[in-house]
Amino acid sequence: MDRINQWASFGGELAVFDHDSAVCGVPMRFAVFTPPQAKSGPVPVLWYLSGLTCNWSNVMEKSGLQRAASEHGVMVIAPDTSPRGEEVADDAAYDLGQGAGFYLTATQAPWAPHFQMDRYITEELPALIAENFPADVSRQGVFGHSMGGHGALTLHLKHPETYRSVSAFSPIVAPSQVPWGRKAFTAYLGADETAWAHYDACELVRTRPSAAHILIDQGEADQFLEEQLKPELFEAACRLAGQSLTVRRQPGYDHSYYFIASFIEDHIAHHARVLT
């Protein structure tokens with residue numbers, strides 16, 4: 001593991017690291033914000049999963065999360081959105097390939113050798129964090145934006161004992177039913193739609209609702225709201241399943257990090273109430 005950079009922030013430290021990933025088969029980069037409370041012992045861990053085209057830098061540089069993470073004593077980890085490199089399969093479009101891993105384990109060529117983001121996020125990277133950082137891995141939560149909101153919801157619903165708290169900004173809640181998800185799932189998982197249900201929050205919550213309270217913020221001026229996001233589908237699925245859920249529709253807000261920065265303190269407080 002190589003430290004690429006580091007900065008002091010709100011009494012804590014933001015650092016960026018590279019490491020060789022056995023799961024993805026290429027070097028991977030991630031960022032960690034360690035709050036000042038970690039000087040006294042292990043602190044809870046909050047995973048932030050970014051959206052299409054993003055990497056660790058978007059949330060760490062644009063959201064202002066460090067202030068709230070320091071206040072609540074929570075470590076925040078931002079992994080990349082996909083494997084990258086010349087040997088990694090890619091596509092000319094922004095919504096497939098490098099930068100668009102969709103937090104799943106690909107089974108189809110040419111994606112399967114490297115696109116193993118599900119296993120990377122849930123297995124390999126947590127082990128690295130537990131070994132090298134003052135992280136209390138018995139207290140973990142997950143949140144994310146857009147494609148990363150999809151990842152946060154699905155990983156929580158599949159691993160509620162690991163990710164005890166969950167929230168999302170503008171998540172893709174029904175990827176099997178919208179263009180972004182159908183394109184990615186067909187490429188990564190194949191044409192058999194029964195395989196897609198394992199990565200679809202609406203399908204997962206119907207069969208395995210969790211004990212957590214899910215928080216979602218959605219901008220009403222989001223340009224992707226009607227075609228790609230469709231929060232009403234997840235609301236309906238949660239009602240039928242008895243899943244505790246709050247969806248806050250925010251007038252005037254779009255899909256950008258201006259929106260995320262406006263409400264990220266609420267989300268970190270939501271997780272801290274469970275984890276600290």
# chains A, B, ... in the order shown; residues from 1 in each chain; ligands from 1
call {"tool": "select_by_dssp", "arguments": {"residues": "range 9-232 of chain A", "states": "alpha helix (DSSP H)", "output": "PyMOL selection string"}}
result
chain A and resi 56-62+65-72+117-119+125-132+147-158+179-189+201-207+231-232
call {"tool": "residues_around", "arguments": {"residues": "range 261-266 of chain A", "least_positions_apart": "3", "cutoff": "12 Å", "atoms": "only C-alpha atoms", "output": "VMD selection string"}}
result
chain A and resid 48 58 to 72 74 143 to 145 167 to 170 215 to 219 248 to 250 252 to 258 269 to 273
call {"tool": "select_by_dssp", "arguments": {"residues": "range 150-268 of chain A", "states": "strand (DSSP E)", "output": "list of chain:residue names"}}
result
A:Tyr163, A:Arg164, A:Ser165, A:Val166, A:Ser167, A:Ala168, A:Phe169, A:Ile214, A:Leu215, A:Ile216, A:Asp217, A:Gln218, A:Gly219, A:Leu245, A:Thr246, A:Val247, A:Arg248, A:Arg249, A:Gln250
call {"tool": "residues_around", "arguments": {"residues": "range 194-200 of chain A", "least_positions_apart": "2", "cutoff": "9 Å", "atoms": "only C-alpha atoms", "output": "list in words"}}
result
Phe102, Tyr103, Leu104, His150, Gly151, Leu153, Thr154, Leu155, Lys158, Ile172, Val173, Ala174, Pro175, Ser176, Gly181, Arg182, Phe185, Thr186, Leu189, Gly190, Ala191, Asp192, Cys202, Glu203, Leu204 and Val205 of chain A
call {"tool": "closest_residue", "arguments": {"among": "A:Pro231, A:Pro134, A:Pro160, A:Gly25", "to": "Phe115 in chain A", "atoms": "only C-alpha atoms"}}
result
A:Gly25
call {"tool": "closest_residue", "arguments": {"among": "A:Thr107, A:Ser9, A:Gln177, A:Ser146", "to": "Ile260 in chain A", "atoms": "only C-alpha atoms"}}
result
A:Ser146
call {"tool": "closest_residue", "arguments": {"among": "A:Tyr94, A:Trp47, A:Tyr188, A:Trp111", "to": "Val137 in chain A", "atoms": "only C-alpha atoms"}}
result
A:Trp47
call {"tool": "closest_residue", "arguments": {"among": "A:Val23, A:Met75, A:Asn55, A:Ile4", "to": "Glu123 in chain A", "atoms": "only C-alpha atoms"}}
result
A:Val23
